[in-house]
>>> print(open('protein12.txt').read())   # compact mmCIF, C-alpha atoms
# COMPACT_ATOMS: atom_id res chain seq x y z
CA MET A 58 -48.28 -58.59 38.47
CA GLU A 59 -45.96 -55.62 37.94
CA HIS A 60 -44.62 -53.75 40.96
CA ARG A 61 -42.95 -50.38 41.21
CA ARG A 62 -40.46 -49.33 43.84
CA PRO A 63 -42.55 -49.28 47.04
CA GLN A 64 -42.86 -45.97 48.88
CA ARG A 65 -45.16 -47.09 51.72
CA ILE A 66 -44.40 -50.44 53.34
CA GLN A 67 -46.34 -51.98 56.24
CA ILE A 68 -44.63 -54.75 58.23
CA LEU A 69 -46.64 -56.85 60.67
CA GLY A 70 -46.43 -60.13 62.53
CA ASN A 71 -45.82 -61.53 65.99
CA SER A 72 -43.37 -59.96 68.40
CA GLY A 73 -39.92 -61.45 68.04
CA GLY A 74 -40.35 -61.97 64.31
CA GLY A 75 -37.91 -59.25 63.34
CA LYS A 76 -40.32 -56.51 62.23
CA SER A 77 -38.24 -53.65 63.61
CA THR A 78 -34.98 -54.99 62.23
CA LEU A 79 -36.53 -55.58 58.81
CA ALA A 80 -38.06 -52.09 58.85
CA ARG A 81 -34.64 -50.52 59.52
CA GLN A 82 -32.98 -52.62 56.82
CA ILE A 83 -35.61 -51.80 54.19
CA GLY A 84 -35.68 -48.15 55.22
CA ASN A 85 -31.91 -47.97 54.76
CA ALA A 86 -31.99 -49.91 51.48
CA LEU A 87 -34.73 -47.78 49.93
CA ASP A 88 -33.97 -44.51 51.75
CA LEU A 89 -37.42 -44.40 53.34
CA PRO A 90 -38.30 -43.05 56.79
CA VAL A 91 -38.94 -45.79 59.36
CA ILE A 92 -41.82 -45.50 61.82
CA HIS A 93 -41.76 -47.88 64.79
CA LEU A 94 -45.29 -47.71 66.21
CA ASP A 95 -44.09 -48.83 69.64
CA ARG A 96 -42.13 -45.55 69.89
CA TYR A 97 -45.42 -43.65 69.51
CA PHE A 98 -47.47 -45.91 71.78
CA TRP A 99 -45.15 -46.24 74.78
CA ASN A 100 -44.34 -43.17 76.84
CA PRO A 101 -41.56 -43.09 79.48
CA GLY A 102 -41.93 -45.78 82.11
CA TRP A 103 -44.07 -48.01 79.87
CA VAL A 104 -47.09 -45.69 80.06
CA PRO A 105 -49.36 -46.24 77.04
CA THR A 106 -50.59 -43.30 74.96
CA PRO A 107 -54.39 -42.92 75.20
CA LEU A 108 -55.88 -44.87 72.29
CA PRO A 109 -57.74 -41.99 70.58
CA GLU A 110 -54.55 -39.89 70.61
CA PHE A 111 -52.39 -42.78 69.42
CA ASP A 112 -54.78 -43.80 66.65
CA ALA A 113 -55.02 -40.23 65.37
CA ARG A 114 -51.22 -39.93 65.29
CA VAL A 115 -50.82 -43.24 63.44
CA LEU A 116 -53.42 -42.25 60.85
CA GLU A 117 -51.61 -38.93 60.30
CA LEU A 118 -48.31 -40.76 59.83
CA ALA A 119 -49.96 -43.15 57.36
CA LYS A 120 -51.16 -40.21 55.25
CA THR A 121 -47.59 -39.15 54.46
CA ASP A 122 -46.04 -39.98 51.09
CA CYS A 123 -43.37 -42.48 52.09
CA TRP A 124 -42.66 -44.73 55.05
CA VAL A 125 -41.85 -48.14 56.41
CA ILE A 126 -44.19 -48.78 59.34
CA ASP A 127 -43.37 -51.55 61.77
CA GLY A 128 -46.15 -52.71 64.06
CA ASN A 129 -49.55 -54.32 64.23
CA TYR A 130 -51.91 -52.14 66.31
CA SER A 131 -54.95 -53.61 64.62
CA ARG A 132 -57.30 -50.65 65.14
CA THR A 133 -55.47 -48.63 62.46
CA LEU A 134 -54.10 -51.52 60.41
CA PRO A 135 -56.84 -51.45 57.72
CA ALA A 136 -56.09 -47.77 56.96
CA ARG A 137 -52.35 -48.47 56.78
CA ILE A 138 -52.89 -51.47 54.52
CA GLU A 139 -55.08 -49.34 52.26
CA ARG A 140 -52.24 -46.79 51.88
CA ALA A 141 -49.41 -49.31 51.60
CA ASP A 142 -47.70 -50.22 48.32
CA LEU A 143 -46.23 -53.33 49.93
CA ILE A 144 -47.41 -55.31 52.95
CA ILE A 145 -45.01 -57.74 54.59
CA TRP A 146 -46.23 -60.29 57.10
CA ILE A 147 -43.55 -62.10 59.05
CA ASP A 148 -45.08 -65.41 60.06
CA ILE A 149 -43.04 -67.02 62.82
CA SER A 150 -43.89 -70.04 64.97
CA ARG A 151 -44.87 -69.54 68.61
CA PRO A 152 -41.80 -71.29 70.03
CA HIS A 153 -39.48 -69.34 67.73
CA ALA A 154 -41.20 -66.05 68.64
CA LEU A 155 -40.93 -66.79 72.37
CA TRP A 156 -37.29 -67.81 72.02
CA ARG A 157 -36.42 -64.60 70.19
CA VAL A 158 -38.35 -62.40 72.65
CA ALA A 159 -36.60 -64.10 75.60
CA GLN A 160 -33.19 -63.67 73.94
CA ARG A 161 -33.95 -60.01 73.24
CA ALA A 162 -35.09 -59.41 76.82
CA ILE A 163 -31.92 -60.94 78.24
CA ALA A 164 -29.55 -59.26 75.77
CA ASN A 165 -31.11 -55.81 76.21
CA TYR A 166 -32.25 -56.06 79.84
CA GLY A 167 -32.45 -52.62 81.45
CA GLN A 168 -31.77 -50.80 78.17
CA THR A 169 -34.24 -49.03 75.91
CA ARG A 170 -34.17 -50.40 72.37
CA PRO A 171 -34.13 -47.84 69.53
CA ASP A 172 -37.54 -49.02 68.30
CA MET A 173 -39.23 -48.43 71.69
CA GLY A 174 -40.54 -45.37 73.45
CA GLU A 175 -38.06 -43.30 75.41
CA ASN A 176 -37.21 -44.64 78.86
CA CYS A 177 -38.91 -48.01 78.30
CA PRO A 178 -36.11 -50.36 79.36
CA GLU A 179 -36.26 -53.99 78.32
CA ARG A 180 -37.56 -56.24 81.06
CA ILE A 181 -38.64 -59.80 81.74
CA ASP A 182 -42.42 -59.62 81.44
CA PHE A 183 -44.34 -62.88 81.65
CA GLY A 184 -47.54 -61.09 80.61
CA PHE A 185 -45.78 -60.12 77.39
CA PHE A 186 -44.62 -63.71 76.88
CA ALA A 187 -48.30 -64.76 77.12
CA PHE A 188 -49.18 -62.00 74.62
CA VAL A 189 -46.59 -63.42 72.18
CA TRP A 190 -47.78 -67.00 72.70
CA ASN A 191 -51.41 -66.02 72.10
CA TYR A 192 -50.79 -63.94 68.94
CA PRO A 193 -51.77 -66.77 66.53
CA ASN A 194 -55.13 -67.18 68.29
CA ARG A 195 -55.68 -63.50 69.07
CA ARG A 196 -54.60 -61.81 65.81
CA GLY A 197 -52.88 -64.32 63.54
CA ALA A 198 -56.02 -65.52 61.73
CA GLU A 199 -57.30 -61.95 61.41
CA HIS A 200 -53.99 -60.78 59.95
CA ARG A 201 -53.83 -63.74 57.56
CA GLN A 202 -57.32 -62.81 56.31
CA MET A 203 -56.28 -59.16 55.92
CA MET A 204 -53.32 -60.30 53.81
CA GLN A 205 -55.55 -62.46 51.63
CA ASP A 206 -58.01 -59.58 51.18
CA ALA A 207 -55.21 -57.14 50.35
CA LYS A 208 -53.77 -59.55 47.79
CA ALA A 209 -57.22 -60.07 46.23
CA ALA A 210 -57.52 -56.27 45.98
CA GLY A 211 -54.29 -56.16 43.96
CA LYS A 212 -51.91 -55.17 46.76
CA TRP A 213 -48.34 -56.43 46.80
CA VAL A 214 -48.28 -58.82 49.76
CA VAL A 215 -45.25 -60.82 50.88
CA GLU A 216 -45.29 -63.46 53.60
CA LEU A 217 -41.91 -64.30 55.11
CA ASN A 218 -40.69 -66.71 57.73
CA ALA A 219 -38.01 -65.31 59.98
CA GLY A 220 -34.38 -65.85 59.15
CA ARG A 221 -33.21 -66.82 55.68
CA GLU A 222 -36.36 -65.56 53.89
CA VAL A 223 -36.12 -62.17 55.59
CA ARG A 224 -32.44 -61.80 54.65
CA ALA A 225 -33.17 -62.78 51.04
CA PHE A 226 -36.00 -60.25 50.88
CA VAL A 227 -33.77 -57.45 52.17
CA GLN A 228 -31.31 -58.29 49.41
CA LEU A 229 -34.16 -58.11 46.90
CA MET A 230 -35.09 -54.66 48.23
CA ARG A 231 -31.48 -53.56 47.78
CA THR A 232 -31.72 -54.46 44.09
CA PHE A 233 -34.47 -51.85 43.82
CA LEU A 234 -31.80 -49.24 44.48
CA ALA A 235 -29.65 -50.50 41.64
CA ALA A 236 -32.46 -50.36 39.09
CA PRO A 237 -33.98 -47.11 37.82
CA ALA A 238 -37.49 -46.60 39.27
CA GLU A 239 -38.98 -46.62 35.74
CA ALA A 240 -37.59 -50.10 35.12
CA LEU A 241 -39.39 -51.64 38.08
>>> encode(input="protein12.txt", output="structure tokens")
Amino acid sequence: MEHRRPQRIQILGNSGGGKSTLARQIGNALDLPVIHLDRYFWNPGWVPTPLPEFDARVLELAKTDCWVIDGNYSRTLPARIERADLIIWIDISRPHALWRVAQRAIANYGQTRPDMGENCPERIDFGFFAFVWNYPNRRGAEHRQMMQDAKAAGKWVVELNAGREVRAFVQLMRTFLAAPAEAL
């Protein structure tokens, strides 16, 4: 299957998998705007945006010509997958996801990460740890099926495990910059 330089890239997977970091790296490598959905969902003080308002905003963002979107938010995921040129699913084990989320919480405790809503400082949240642990049962199978369906429909789908595979993929994306768009 032949692929052109992607202009709309959807990244999904469990928390702690590196979605936000990968989105920034790909956005920088391909000079694409990066959209962290958590920044749109979480208002100051960890107050969620009302779902109808959030969904409408996400769908508007997905209609634009180019982006790297980081985040699951399954209600709007089918529309984003439909628009995407490339879908990346970071598949990470539960223990690895929990370990990375715990490390992130400790390292950034009390600070707001750049991929989060304003004034949403990192915290130790055992409810969130349960959310991360339950991702494979709650959304993992659904997301795997979405990836299979997207691939069957001719979409460019890449499944990565965290770490070495993610770094190698970022390097691959950087090669897109070196090659003329017509050659890809």
>>> atom_distance(input="protein12.txt", atom1="atom CA of Pro178 of chain A", atom2="atom CA of Ala159 of chain A")
14.3 Å
>>> residues_around(input="protein12.txt", residues="Arg114 of chain A", least_positions_apart="4", cutoff="12 Å", atoms="all atoms listed in the file", output="PyMOL selection string")
chain A and resi 92+94+96-98+106-110+118-121+133
>>> atom_distance(input="protein12.txt", atom1="atom CA of Ile126 of chain A", atom2="atom CA of Gln67 of chain A")
4.9 Å
>>> closest_residue(input="protein12.txt", among="A:Cys177, A:Arg224, A:Glu139, A:Thr169", to="Ala210 of chain A", atoms="only C-alpha atoms")
A:Glu139
>>> residues_around(input="protein12.txt", residues="segment 76-78 of chain A", least_positions_apart="4", cutoff="10 Å", atoms="all atoms listed in the file", output="ChimeraX atom specification")
/A:67-72,82-84,91-95,125-129,145-147,171-173,219,223
>>> atom_distance(input="protein12.txt", atom1="atom CA of Pro63 of chain A", atom2="atom CA of Gly174 of chain A")
26.8 Å
>>> closest_residue(input="protein12.txt", among="A:Asn85, A:Thr232, A:Ser131, A:Gln160", to="Gly73 of chain A", atoms="all atoms listed in the file")
A:Gln160
>>> closest_residue(input="protein12.txt", among="A:Gly75, A:Trp190, A:Arg61, A:Phe185", to="Arg221 of chain A", atoms="all atoms listed in the file")
A:Gly75
>>> closest_residue(input="protein12.txt", among="A:Ala136, A:Leu143, A:Val189, A:Val227", to="Gly74 of chain A", atoms="only C-alpha atoms")
A:Val189
>>> closest_residue(input="protein12.txt", among="A:Arg132, A:Arg65, A:Arg140, A:Lys208", to="Ala113 of chain A", atoms="all atoms listed in the file")
A:Arg132
>>> residues_around(input="protein12.txt", residues="Ile181 of chain A", least_positions_apart="6", cutoff="12 Å", atoms="only C-alpha atoms", output="list in words")
Leu155, Val158, Ala159, Gln160, Arg161, Ala162, Ile163, Ala164, Asn165, Tyr166, Gly167, Gln168 and Ala187 of chain A
>>> closest_residue(input="protein12.txt", among="A:Gly184, A:Gly211, A:Pro105, A:Pro193", to="Asp148 of chain A", atoms="only C-alpha atoms")
A:Pro193
>>> decode(input="protein12.txt", residues="segment 70-206 of chain A", atoms="C-alpha atoms", output="compact mmCIF listing (two decimals), in the first residue's frame")
# COMPACT_ATOMS: atom_id res chain seq x y z
CA GLY A 70 -4.00 4.26 23.46
CA ASN A 71 -3.89 3.92 27.23
CA SER A 72 -2.74 6.74 29.48
CA GLY A 73 0.97 6.56 30.14
CA GLY A 74 1.68 5.16 26.69
CA GLY A 75 3.34 8.31 25.42
CA LYS A 76 0.57 9.70 23.19
CA SER A 77 1.24 13.34 24.03
CA THR A 78 5.00 13.02 23.66
CA LEU A 79 4.63 11.22 20.34
CA ALA A 80 2.14 13.84 19.13
CA ARG A 81 4.62 16.64 19.90
CA GLN A 82 7.48 14.78 18.22
CA ILE A 83 5.49 14.02 15.06
CA GLY A 84 4.05 17.53 14.99
CA ASN A 85 7.57 18.96 15.14
CA ALA A 86 8.93 16.50 12.58
CA LEU A 87 6.15 17.11 10.05
CA ASP A 88 5.38 20.74 10.97
CA LEU A 89 1.77 19.92 11.86
CA PRO A 90 -0.33 21.54 14.59
CA VAL A 91 -0.73 19.35 17.68
CA ILE A 92 -4.09 19.08 19.44
CA HIS A 93 -4.07 17.55 22.92
CA LEU A 94 -7.71 16.71 23.62
CA ASP A 95 -7.15 16.84 27.38
CA ARG A 96 -6.43 20.59 27.01
CA TYR A 97 -9.93 21.04 25.57
CA PHE A 98 -11.70 18.72 27.99
CA TRP A 99 -10.23 19.87 31.32
CA ASN A 100 -10.96 23.39 32.53
CA PRO A 101 -9.12 25.02 35.47
CA GLY A 102 -9.30 22.98 38.65
CA TRP A 103 -10.00 19.71 36.80
CA VAL A 104 -13.53 20.76 35.82
CA PRO A 105 -14.68 18.82 32.74
CA THR A 106 -16.17 20.61 29.74
CA PRO A 107 -19.83 19.63 29.21
CA LEU A 108 -19.85 16.71 26.77
CA PRO A 109 -22.00 18.30 24.02
CA GLU A 110 -19.73 21.37 24.00
CA PHE A 111 -16.56 19.28 24.06
CA ASP A 112 -17.72 16.91 21.32
CA ALA A 113 -18.72 19.81 19.06
CA ARG A 114 -15.31 21.44 19.55
CA VAL A 115 -13.45 18.20 18.80
CA LEU A 116 -15.47 17.62 15.64
CA GLU A 117 -14.69 21.18 14.49
CA LEU A 118 -10.99 20.61 15.12
CA ALA A 119 -11.12 17.33 13.18
CA LYS A 120 -12.59 19.13 10.16
CA THR A 121 -9.45 21.23 9.72
CA ASP A 122 -6.91 20.34 7.03
CA CYS A 123 -3.95 19.24 9.13
CA TRP A 124 -3.36 18.07 12.68
CA VAL A 125 -1.92 15.54 15.06
CA ILE A 126 -4.61 14.72 17.62
CA ASP A 127 -3.64 13.01 20.84
CA GLY A 128 -6.41 11.42 22.85
CA ASN A 129 -9.08 8.75 22.90
CA TYR A 130 -12.44 10.31 23.85
CA SER A 131 -14.35 7.53 22.15
CA ARG A 132 -17.54 9.47 21.41
CA THR A 133 -15.80 11.41 18.62
CA LEU A 134 -13.13 8.85 17.73
CA PRO A 135 -14.98 7.37 14.71
CA ALA A 136 -15.22 10.83 13.08
CA ARG A 137 -11.53 11.51 13.74
CA ILE A 138 -10.53 8.12 12.36
CA GLU A 139 -12.61 8.80 9.25
CA ARG A 140 -10.70 12.06 8.65
CA ALA A 141 -7.26 10.75 9.58
CA ASP A 142 -4.57 9.86 7.03
CA LEU A 143 -2.68 7.90 9.68
CA ILE A 144 -3.92 6.30 12.89
CA ILE A 145 -1.40 5.30 15.53
CA TRP A 146 -2.37 3.06 18.41
CA ILE A 147 0.14 2.79 21.22
CA ASP A 148 -0.50 -0.57 22.85
CA ILE A 149 1.15 -0.71 26.26
CA SER A 150 0.76 -3.32 28.99
CA ARG A 151 -1.23 -2.47 32.12
CA PRO A 152 1.76 -2.65 34.48
CA HIS A 153 3.87 -0.51 32.15
CA ALA A 154 1.06 2.05 31.79
CA LEU A 155 0.57 2.24 35.57
CA TRP A 156 4.31 2.56 36.14
CA ARG A 157 4.59 5.41 33.65
CA VAL A 158 1.52 7.22 35.03
CA ALA A 159 2.88 6.93 38.58
CA GLN A 160 6.31 8.21 37.47
CA ARG A 161 4.66 11.11 35.65
CA ALA A 162 2.51 11.99 38.67
CA ILE A 163 5.53 12.04 40.98
CA ALA A 164 7.81 13.91 38.57
CA ASN A 165 5.21 16.57 37.75
CA TYR A 166 3.31 16.69 41.05
CA GLY A 167 1.66 20.07 41.57
CA GLN A 168 2.57 21.29 38.07
CA THR A 169 0.33 21.53 35.02
CA ARG A 170 1.73 19.59 32.07
CA PRO A 171 1.70 21.33 28.67
CA ASP A 172 -0.75 18.77 27.27
CA MET A 173 -3.34 19.40 30.02
CA GLY A 174 -5.93 22.06 30.60
CA GLU A 175 -4.81 25.25 32.28
CA ASN A 176 -4.50 25.05 36.06
CA CYS A 177 -4.87 21.26 36.20
CA PRO A 178 -1.85 20.36 38.34
CA GLU A 179 -0.61 16.80 38.35
CA ARG A 180 -1.81 14.84 41.36
CA ILE A 181 -1.88 11.36 42.83
CA ASP A 182 -5.32 10.10 41.85
CA PHE A 183 -6.14 6.48 42.65
CA GLY A 184 -9.35 6.73 40.62
CA PHE A 185 -7.21 7.58 37.60
CA PHE A 186 -4.91 4.63 38.33
CA ALA A 187 -8.02 2.39 38.23
CA PHE A 188 -9.03 4.06 34.94
CA VAL A 189 -5.60 3.21 33.48
CA TRP A 190 -5.72 -0.37 34.78
CA ASN A 191 -9.20 -0.92 33.32
CA TYR A 192 -8.45 0.54 29.85
CA PRO A 193 -7.87 -2.89 28.22
CA ASN A 194 -11.28 -4.11 29.43
CA ARG A 195 -13.11 -0.81 29.02
CA ARG A 196 -11.81 0.45 25.66
CA GLY A 197 -8.88 -1.68 24.51
CA ALA A 198 -10.92 -4.28 22.61
CA GLU A 199 -13.11 -1.57 21.08
CA HIS A 200 -10.06 0.39 19.93
CA ARG A 201 -8.39 -2.74 18.54
CA GLN A 202 -11.56 -3.42 16.50
CA MET A 203 -11.62 0.20 15.28
CA MET A 204 -8.02 -0.20 14.12
CA GLN A 205 -8.85 -3.43 12.28
CA ASP A 206 -11.87 -1.80 10.64
